[in-house]
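This is run.cif (mmCIF, N, CA and C atoms).
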data_data
#
loop_
_atom_site.label_atom_id
_atom_site.label_comp_id
_atom_site.auth_asym_id
_atom_site.auth_seq_id
_atom_site.Cartn_x
_atom_site.Cartn_y
_atom_site.Cartn_z
N ALA T 1 5.67 -23.71 -12.18
CA ALA T 1 6.21 -23.57 -10.83
C ALA T 1 5.09 -23.16 -9.88
N ASN T 2 5.12 -23.71 -8.70
CA ASN T 2 4.15 -23.38 -7.68
C ASN T 2 4.63 -22.15 -6.92
N ILE T 3 3.86 -21.09 -6.93
CA ILE T 3 4.25 -19.84 -6.28
C ILE T 3 3.40 -19.67 -5.03
N ASP T 4 4.07 -19.46 -3.90
CA ASP T 4 3.39 -19.21 -2.64
C ASP T 4 3.10 -17.71 -2.58
N PHE T 5 1.95 -17.31 -3.09
CA PHE T 5 1.61 -15.89 -3.19
C PHE T 5 1.00 -15.40 -1.89
N PRO T 6 1.50 -14.30 -1.35
CA PRO T 6 0.97 -13.79 -0.08
C PRO T 6 -0.45 -13.24 -0.20
N ILE T 7 -1.09 -13.12 0.93
CA ILE T 7 -2.45 -12.57 1.01
C ILE T 7 -2.41 -11.33 1.87
N SER T 8 -3.22 -10.34 1.54
CA SER T 8 -3.27 -9.10 2.31
C SER T 8 -4.61 -8.97 3.01
N SER T 9 -4.58 -8.45 4.21
CA SER T 9 -5.82 -8.20 4.95
C SER T 9 -6.25 -6.74 4.85
N PHE T 10 -5.46 -5.93 4.15
CA PHE T 10 -5.78 -4.52 4.01
C PHE T 10 -6.93 -4.30 3.03
N LYS T 11 -7.64 -3.20 3.20
CA LYS T 11 -8.74 -2.84 2.30
C LYS T 11 -8.31 -1.82 1.26
N THR T 12 -7.42 -0.89 1.65
CA THR T 12 -7.08 0.21 0.75
C THR T 12 -5.69 0.13 0.17
N VAL T 13 -4.78 -0.58 0.82
CA VAL T 13 -3.40 -0.64 0.35
C VAL T 13 -2.96 -2.09 0.09
N PHE T 14 -3.91 -2.94 -0.28
CA PHE T 14 -3.57 -4.35 -0.45
C PHE T 14 -2.56 -4.58 -1.56
N ASP T 15 -2.61 -3.79 -2.63
CA ASP T 15 -1.64 -3.96 -3.71
C ASP T 15 -0.23 -3.60 -3.23
N TRP T 16 -0.14 -2.52 -2.48
CA TRP T 16 1.13 -2.08 -1.91
C TRP T 16 1.64 -3.14 -0.93
N ASP T 17 0.77 -3.68 -0.10
CA ASP T 17 1.12 -4.70 0.88
C ASP T 17 1.61 -5.98 0.19
N LEU T 18 0.92 -6.40 -0.86
CA LEU T 18 1.33 -7.61 -1.58
C LEU T 18 2.70 -7.45 -2.23
N ARG T 19 2.96 -6.30 -2.81
CA ARG T 19 4.27 -6.05 -3.42
C ARG T 19 5.35 -6.05 -2.35
N TYR T 20 5.05 -5.46 -1.20
CA TYR T 20 6.00 -5.43 -0.09
C TYR T 20 6.30 -6.86 0.37
N LYS T 21 5.26 -7.67 0.56
CA LYS T 21 5.45 -9.04 1.02
C LYS T 21 6.27 -9.86 0.02
N CYS T 22 6.06 -9.63 -1.25
CA CYS T 22 6.85 -10.34 -2.27
C CYS T 22 8.31 -9.87 -2.23
N ALA T 23 8.51 -8.59 -2.02
CA ALA T 23 9.86 -8.02 -2.02
C ALA T 23 10.71 -8.53 -0.85
N ILE T 24 10.08 -8.81 0.29
CA ILE T 24 10.87 -9.24 1.45
C ILE T 24 11.07 -10.76 1.52
N LYS T 25 10.48 -11.48 0.59
CA LYS T 25 10.68 -12.94 0.57
C LYS T 25 12.15 -13.23 0.26
N PRO T 26 12.68 -14.27 0.87
CA PRO T 26 14.08 -14.63 0.57
C PRO T 26 14.24 -15.09 -0.87
N GLY T 27 15.41 -14.89 -1.38
CA GLY T 27 15.70 -15.33 -2.74
C GLY T 27 16.12 -14.17 -3.62
N ALA T 28 16.43 -14.49 -4.82
CA ALA T 28 16.90 -13.50 -5.78
C ALA T 28 15.74 -12.85 -6.51
N VAL T 29 16.00 -11.70 -7.05
CA VAL T 29 15.02 -10.98 -7.87
C VAL T 29 15.53 -11.01 -9.31
N TYR T 30 14.67 -11.40 -10.22
CA TYR T 30 15.05 -11.50 -11.62
C TYR T 30 14.12 -10.65 -12.47
N TYR T 31 14.64 -10.18 -13.58
CA TYR T 31 13.81 -9.46 -14.55
C TYR T 31 13.03 -10.49 -15.35
N VAL T 32 11.73 -10.26 -15.47
CA VAL T 32 10.86 -11.12 -16.26
C VAL T 32 10.13 -10.22 -17.24
N SER T 33 10.19 -10.55 -18.51
CA SER T 33 9.58 -9.67 -19.51
C SER T 33 8.06 -9.79 -19.58
N LYS T 34 7.50 -10.84 -18.99
CA LYS T 34 6.04 -10.99 -18.96
C LYS T 34 5.44 -10.17 -17.83
N LYS T 35 4.16 -9.85 -17.98
CA LYS T 35 3.45 -9.16 -16.92
C LYS T 35 3.15 -10.16 -15.81
N VAL T 36 3.63 -9.89 -14.62
CA VAL T 36 3.36 -10.78 -13.49
C VAL T 36 2.55 -10.07 -12.41
N PHE T 37 2.48 -8.76 -12.48
CA PHE T 37 1.67 -7.96 -11.57
C PHE T 37 0.81 -7.03 -12.39
N PHE T 38 -0.40 -6.85 -11.97
CA PHE T 38 -1.28 -5.88 -12.59
C PHE T 38 -1.69 -4.90 -11.51
N HIS T 39 -1.73 -3.65 -11.87
CA HIS T 39 -2.18 -2.65 -10.90
C HIS T 39 -3.70 -2.71 -10.83
N ARG T 40 -4.22 -2.72 -9.62
CA ARG T 40 -5.67 -2.80 -9.45
C ARG T 40 -6.33 -1.55 -10.01
N ILE T 41 -7.53 -1.71 -10.44
CA ILE T 41 -8.32 -0.56 -10.88
C ILE T 41 -9.08 -0.06 -9.67
N SER T 42 -8.86 1.18 -9.36
CA SER T 42 -9.45 1.77 -8.16
C SER T 42 -10.97 1.79 -8.24
N CYS T 43 -11.57 1.68 -7.08
CA CYS T 43 -13.03 1.78 -7.00
C CYS T 43 -13.49 3.22 -7.22
N GLY T 44 -12.54 4.12 -7.30
CA GLY T 44 -12.86 5.51 -7.56
C GLY T 44 -12.73 6.38 -6.34
N LYS T 45 -12.89 7.68 -6.60
CA LYS T 45 -12.74 8.65 -5.54
C LYS T 45 -13.77 8.47 -4.43
N GLN T 46 -14.96 8.02 -4.79
CA GLN T 46 -16.01 7.88 -3.79
C GLN T 46 -15.65 6.84 -2.73
N ALA T 47 -15.14 5.69 -3.14
CA ALA T 47 -14.75 4.65 -2.19
C ALA T 47 -13.60 5.12 -1.32
N THR T 48 -12.61 5.76 -1.94
CA THR T 48 -11.47 6.26 -1.17
C THR T 48 -11.92 7.32 -0.19
N SER T 49 -12.85 8.17 -0.59
CA SER T 49 -13.38 9.20 0.31
C SER T 49 -14.03 8.57 1.53
N ILE T 50 -14.75 7.47 1.33
CA ILE T 50 -15.39 6.77 2.45
C ILE T 50 -14.32 6.21 3.39
N TYR T 51 -13.28 5.60 2.83
CA TYR T 51 -12.20 5.06 3.66
C TYR T 51 -11.48 6.17 4.40
N LEU T 52 -11.37 7.35 3.80
CA LEU T 52 -10.76 8.49 4.49
C LEU T 52 -11.64 8.96 5.64
N LYS T 53 -12.94 9.06 5.38
CA LYS T 53 -13.86 9.54 6.42
C LYS T 53 -13.92 8.59 7.62
N THR T 54 -13.76 7.31 7.36
CA THR T 54 -13.82 6.33 8.45
C THR T 54 -12.46 6.12 9.11
N GLY T 55 -11.41 6.69 8.52
CA GLY T 55 -10.06 6.57 9.09
C GLY T 55 -9.32 5.31 8.68
N ILE T 56 -9.96 4.47 7.88
CA ILE T 56 -9.33 3.21 7.47
C ILE T 56 -8.10 3.47 6.60
N LYS T 57 -8.22 4.38 5.65
CA LYS T 57 -7.09 4.66 4.75
C LYS T 57 -5.89 5.19 5.52
N GLN T 58 -6.12 6.13 6.43
CA GLN T 58 -5.02 6.69 7.21
C GLN T 58 -4.32 5.60 8.03
N LYS T 59 -5.10 4.75 8.66
CA LYS T 59 -4.55 3.68 9.50
C LYS T 59 -3.71 2.72 8.66
N GLU T 60 -4.22 2.34 7.51
CA GLU T 60 -3.50 1.39 6.65
C GLU T 60 -2.27 2.02 6.02
N ASP T 61 -2.37 3.27 5.58
CA ASP T 61 -1.20 3.94 5.01
C ASP T 61 -0.07 4.02 6.04
N LEU T 62 -0.40 4.45 7.26
CA LEU T 62 0.60 4.54 8.30
C LEU T 62 1.18 3.16 8.63
N ALA T 63 0.35 2.15 8.65
CA ALA T 63 0.83 0.79 8.92
C ALA T 63 1.86 0.35 7.88
N MET T 64 1.63 0.70 6.63
CA MET T 64 2.59 0.34 5.58
C MET T 64 3.90 1.09 5.76
N PHE T 65 3.83 2.37 6.08
CA PHE T 65 5.07 3.13 6.32
C PHE T 65 5.83 2.53 7.50
N GLU T 66 5.10 2.09 8.52
CA GLU T 66 5.74 1.53 9.71
C GLU T 66 6.37 0.16 9.44
N LYS T 67 5.96 -0.51 8.38
CA LYS T 67 6.61 -1.76 8.00
C LYS T 67 8.02 -1.50 7.47
N MET T 68 8.21 -0.31 6.91
CA MET T 68 9.46 -0.03 6.22
C MET T 68 10.42 0.89 6.97
N TRP T 69 9.90 1.68 7.89
CA TRP T 69 10.73 2.64 8.61
C TRP T 69 10.40 2.61 10.10
N PRO T 70 11.32 3.10 10.94
CA PRO T 70 10.99 3.25 12.36
C PRO T 70 9.79 4.18 12.52
N ARG T 71 9.04 4.00 13.61
CA ARG T 71 7.78 4.71 13.82
C ARG T 71 7.90 6.23 13.64
N LEU T 72 8.93 6.84 14.19
CA LEU T 72 9.08 8.30 14.08
C LEU T 72 9.23 8.73 12.63
N ILE T 73 10.07 8.04 11.89
CA ILE T 73 10.28 8.36 10.46
C ILE T 73 8.99 8.10 9.69
N ALA T 74 8.33 7.00 9.98
CA ALA T 74 7.07 6.66 9.30
C ALA T 74 6.03 7.75 9.52
N LYS T 75 5.95 8.27 10.73
CA LYS T 75 4.97 9.33 11.02
C LYS T 75 5.29 10.61 10.27
N ILE T 76 6.56 10.93 10.11
CA ILE T 76 6.96 12.13 9.36
C ILE T 76 6.59 11.96 7.88
N ILE T 77 6.93 10.81 7.31
CA ILE T 77 6.59 10.54 5.91
C ILE T 77 5.07 10.57 5.73
N PHE T 78 4.37 9.93 6.65
CA PHE T 78 2.91 9.89 6.60
C PHE T 78 2.31 11.29 6.62
N LYS T 79 2.86 12.17 7.43
CA LYS T 79 2.35 13.55 7.53
C LYS T 79 2.38 14.22 6.15
N PHE T 80 3.47 14.04 5.42
CA PHE T 80 3.57 14.61 4.07
C PHE T 80 2.66 13.86 3.09
N TYR T 81 2.58 12.55 3.26
CA TYR T 81 1.75 11.73 2.37
C TYR T 81 0.28 12.12 2.45
N THR T 82 -0.17 12.51 3.63
CA THR T 82 -1.58 12.89 3.80
C THR T 82 -1.97 14.11 2.96
N LEU T 83 -0.99 14.87 2.53
CA LEU T 83 -1.29 16.02 1.66
C LEU T 83 -1.97 15.55 0.36
N SER T 84 -1.68 14.33 -0.05
CA SER T 84 -2.27 13.80 -1.28
C SER T 84 -3.77 13.48 -1.10
N TYR T 85 -4.25 13.43 0.11
CA TYR T 85 -5.65 13.11 0.37
C TYR T 85 -6.58 14.22 -0.12
N LYS T 86 -6.06 15.40 -0.35
CA LYS T 86 -6.90 16.53 -0.77
C LYS T 86 -7.68 16.24 -2.05
N ILE T 87 -7.12 15.43 -2.92
CA ILE T 87 -7.80 15.16 -4.19
C ILE T 87 -9.07 14.36 -4.02
N TYR T 88 -9.26 13.76 -2.83
CA TYR T 88 -10.46 12.96 -2.58
C TYR T 88 -11.58 13.72 -1.89
N SER T 89 -11.34 14.99 -1.62
CA SER T 89 -12.40 15.75 -0.93
C SER T 89 -13.16 16.65 -1.87
#

Translate this file's structure into structure tokens.
Amino acid sequence: ANIDFPISSFKTVFDWDLRYKCAIKPGAVYYVSKKVFFHRISCGKQATSIYLKTGIKQKEDLAMFEKMWPRLIAKIIFKFYTLSYKIYS
């Protein structure tokens, strides 16, 4: 079967973005016993730290929350989510 697989322009949340894009596609969702998604192997804390220092990670994380919730709710969730950034410092 030919699968029209989406592409992500994100640098830090591309796996999350791709799963989101697949989830909102029209059609049914079926259980498949084969592995169809693999979780990316992170570049490590150093790369994430650079994305945090440049603000890229924060911008992309908030953008993903805003895809799923109204802006006000997304900002509240994002505020709590940023607490997880401590592990990268």

Query - Length of the atom C of Pro6 in chain T to CA of Ser84 in chain T vector [Å] - result: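 About the pair atom C of Pro6 in chain T and CA of Ser84 in chain T: they are 27.1 Å apart.
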
### Task
Identify all residues of chain T in alpha helix (DSSP H) (DSSP on the backbone) and supply them as an MDAnalysis selection string.
chainID T and resid 14:23 45:54 56:68 71:81

Query raised in the report: Mind pulling up the distance from CA of Gly55 in chain T to CA of Thr82 in chain T?
Result: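 A separation of 11.8 Å between them.
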
**Prompt:** For Trp16 in chain T, which of T:Lys67, T:Lys45, T:Tyr30, T:Lys53 is the closest residue, counting only C-alpha atoms?
**Reply:**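 The closest residue to Trp16 in chain T is T:Lys67.
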
What is the distance, in Å and to one decimal place, between atom N of Thr12 in chain T and atom N of Gln46 in chain T?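 Separating atom N of Thr12 in chain T from atom N of Gln46 in chain T is a distance of 13.3 Å.
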
request  = Would you kindly return, as a list in words, each protein, DNA or RNA residue with an atom no farther than 8 Å from any atom of Ser8 in chain T, considering only C-alpha atoms and excluding same-chain residues fewer than 5 positions away?
outcome  =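 That gives Phe14, Asp17 and Leu18 of chain T.
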
Counting only C-alpha atoms, what is within 12 Å of Phe5 in chain T, bar same-chain residues fewer than 4 positions away, as an NGL selection string?
:T and (1 or 17-23 or 25 or 36-37)

With N, CA and C atoms retained, export the selected residues as a PDB file, keeping the file's coordinate frame.
ATOM      1  N   ALA T   1       5.670 -23.710 -12.180  1.00  0.00           N
ATOM      2  CA  ALA T   1       6.210 -23.570 -10.830  1.00  0.00           C
ATOM      3  C   ALA T   1       5.090 -23.160  -9.880  1.00  0.00           C
ATOM      4  N   ASP T  17       0.770  -3.680  -0.100  1.00  0.00           N
ATOM      5  CA  ASP T  17       1.120  -4.700   0.880  1.00  0.00           C
ATOM      6  C   ASP T  17       1.610  -5.980   0.190  1.00  0.00           C
ATOM      7  N   LEU T  18       0.920  -6.400  -0.860  1.00  0.00           N
ATOM      8  CA  LEU T  18       1.330  -7.610  -1.580  1.00  0.00           C
ATOM      9  C   LEU T  18       2.700  -7.450  -2.230  1.00  0.00           C
ATOM     10  N   ARG T  19       2.960  -6.300  -2.810  1.00  0.00           N
ATOM     11  CA  ARG T  19       4.270  -6.050  -3.420  1.00  0.00           C
ATOM     12  C   ARG T  19       5.350  -6.050  -2.350  1.00  0.00           C
ATOM     13  N   TYR T  20       5.050  -5.460  -1.200  1.00  0.00           N
ATOM     14  CA  TYR T  20       6.000  -5.430  -0.090  1.00  0.00           C
ATOM     15  C   TYR T  20       6.300  -6.860   0.370  1.00  0.00           C
ATOM     16  N   LYS T  21       5.260  -7.670   0.560  1.00  0.00           N
ATOM     17  CA  LYS T  21       5.450  -9.040   1.020  1.00  0.00           C
ATOM     18  C   LYS T  21       6.270  -9.860   0.020  1.00  0.00           C
ATOM     19  N   CYS T  22       6.060  -9.630  -1.250  1.00  0.00           N
ATOM     20  CA  CYS T  22       6.850 -10.340  -2.270  1.00  0.00           C
ATOM     21  C   CYS T  22       8.310  -9.870  -2.230  1.00  0.00           C
ATOM     22  N   ALA T  23       8.510  -8.590  -2.020  1.00  0.00           N
ATOM     23  CA  ALA T  23       9.860  -8.020  -2.020  1.00  0.00           C
ATOM     24  C   ALA T  23      10.710  -8.530  -0.850  1.00  0.00           C
ATOM     25  N   LYS T  25      10.480 -11.480   0.590  1.00  0.00           N
ATOM     26  CA  LYS T  25      10.680 -12.940   0.570  1.00  0.00           C
ATOM     27  C   LYS T  25      12.150 -13.230   0.260  1.00  0.00           C
ATOM     28  N   VAL T  36       3.630  -9.890 -14.620  1.00  0.00           N
ATOM     29  CA  VAL T  36       3.360 -10.780 -13.490  1.00  0.00           C
ATOM     30  C   VAL T  36       2.550 -10.070 -12.410  1.00  0.00           C
ATOM     31  N   PHE T  37       2.480  -8.760 -12.480  1.00  0.00           N
ATOM     32  CA  PHE T  37       1.670  -7.960 -11.570  1.00  0.00           C
ATOM     33  C   PHE T  37       0.810  -7.030 -12.390  1.00  0.00           C
TER      34      PHE T  37
END
